[in-house]
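Below is one structure; the comments refer to it alone.
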Amino acid sequence: MFLKRRPRDWLVGLMQAGAFLTAVFSIATAFDQLHRVLELFSHFRLQYLSASTLLFVCLAALQRRRMAALMLAVTLINAAYVAPWFWPRAGAGDAASLTLLHANILVDNDDVSPLLASIEREQPDVIFVQELSRRHLPLLETLATTYPHSITEPRDHPFGLGAWSKHPFLAADVIATPPRENPSLRIVVDYDGDPVTIFSTHPVPPVGAGFYYERNTQLAYVADLVRATRGSTIVIGDLNITPWATHYREFEAVSGLVNAQRGHGIKPSWPLFLPIAMIPIDHALVSGDLVANEVRTLGSVGSDHLPLLVRISRR
């Protein structure tokens with residue numbers, strides 16, 4: 001009898017250990033502002049929600065009531081972070097839309113044909129490319145036929161940027177963004193007779209205390225720029241942060257922008273090489289007079305990120 005029970009006992013013990021770890025990470029990361037390591041683990045809310053839900057079902061079926069109750073509570077905690085992103089937002093936009101395509105193409109990626117195919121298929125109004133290198137420029141020169149208006153700031157490191165537009169720029173400049181002075185783009189395009197200011201920015205990944213500080217400094221600087229900008233405003237880019245981090249919420253609060261993904265569900269975009277761990281770090285945020293009619297990730301363009309497509313209209 002003992003030998004026959006051992007596999008079941010081992011499985012139950014493994015699930016209970018998993019439940020304990022899921023509970024610890026789910027609860028501790030609610031206080032991500034206390035330490036950068038807690039923030040790194042706060043990005044996996046979708047994974048915690050999936051794990052706690054599965055463990056609740058399994059433990060309840062095995063009549064492990066206390067652990068099942070714990071997993072139910074943890075599921076509700078994680079759902080409180082995730083579910084609001086799936087609730088439809090009030091306010092429909094008008095018929096005219098502005099379509100933006102953002103793609104972090106990976107600085108070492110020399111095959112831009114998948115990106116060009118996506119552009120041809122989706123026909124966005126404005127294209128933003130991040131991790132743009134000098135090698136990419138001749139490979140993307142065919143864009144000039146359909147997108148004659150452009151501003152590029154390539155780099156040999158992962159923080160080069162470029163923007164291509166079907167419509168003329170009313171203004172366009174490169175901003176040396178503190179603390180590293182990496183470029184951010186600010187362009188103004190005419191949308192249905194009124195200007196829209198769009199910032200494209202790419203902070204460093206928060207790996208290590210120094211990069212954590214630098215990312216937060218760049219986000220705070222851009223948030224201040226947005227707050228000082230009048231009229232319709234958008235920020236788009238690989239922000240190297242998920243919506244569940246305290247510093248992300250501070251960025252929304254200071255800038256006054258709202259993530260376009262709200263009401264459209266969470267769109268994990270990185271890392272493509274490890275699908276089970278994918279998290280949403282590529283974002284488009286819009287001012288209150290704008291609404292996102294569509295938000296979705298596109299197919300792979302040979303990068304570790306998926307591109308993000310956003311169709312925006314006025315309320």
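The way I read the labels, and the way they are meant: chains A, B, ... in the order of the structure tokens, residue 1 as the first residue of every chain, and ligand 1 as the first ligand shown, with later ones counted on from there.
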
With 12 Å as the cut-off and only C-alpha atoms counted, what is the closest atom pair between each nearby residue of range 133-251 of chain A and range 60-82 of chain A? Distances in Å to one decimal, ordered by chain and number, as JSON lines.
```
{"residue": "A:Thr242", "atom": "CA", "partner": "A:Tyr81", "partner_atom": "CA", "distance": 11.4}
{"residue": "A:Pro243", "atom": "CA", "partner": "A:Tyr81", "partner_atom": "CA", "distance": 9.0}
{"residue": "A:Trp244", "atom": "CA", "partner": "A:Tyr81", "partner_atom": "CA", "distance": 7.0}
{"residue": "A:Ala245", "atom": "CA", "partner": "A:Tyr81", "partner_atom": "CA", "distance": 10.4}
```

Where in range 58-301 of chain A does DSSP assign strand (DSSP E), given as an NGL selection string?
:A and (98-104 or 126-130 or 149-153 or 161-165 or 169-177 or 182-191 or 194-200 or 232-238 or 258-259 or 282-286 or 290-297)

Could you give me, as a Markdown table, a per-residue list for range 48-165 of chain A showing, wherever an atom lies at most 9 Å from an atom of range 169-180 of chain A, the closest pair of atoms and their distance in Å to one decimal, using only C-alpha atoms and sorting by chain then residue number from low to high?
```
| residue | atom | partner | partner_atom | distance |
| --- | --- | --- | --- | --- |
| A:His149 | CA | A:Phe169 | CA | 6.8 |
| A:Ser150 | CA | A:Phe169 | CA | 8.2 |
| A:Ile151 | CA | A:Ala172 | CA | 7.2 |
| A:Thr152 | CA | A:Val174 | CA | 8.6 |
| A:Glu153 | CA | A:Val174 | CA | 7.6 |
| A:Ser165 | CA | A:Phe169 | CA | 7.7 |
```

Could you pull the residues within 12 Å of Gly13 in chain A, counting only C-alpha atoms, minus those fewer than 4 positions along the same chain, as a ChimeraX atom specification?
/A:6-9,17-20,55,59,62,64,67

Each residue of range 149-184 of chain A lying at most 10 Å from range 108-116 of chain A should get a row with its shortest atom-to-atom pair and the distance in Å to one decimal, counting only C-alpha atoms; could you produce that, ordered by chain and increasing number, as CSV?
```
residue,atom,partner,partner_atom,distance
A:Asp156,CA,A:Asp108,CA,9.2
A:His157,CA,A:Asp108,CA,9.2
A:Pro158,CA,A:Asp108,CA,8.7
```

Among the residues of range 92-307 of chain A, find those DSSP assigns to helix (DSSP H, G or I) from the backbone and print them as a PyMOL selection string.
chain A and resi 113-122+136-139+141-145+209-227+246-255+275-277

CA of Thr146 in chain A to CA of Ile127 in chain A, straight-line distance in Å
11.2 Å
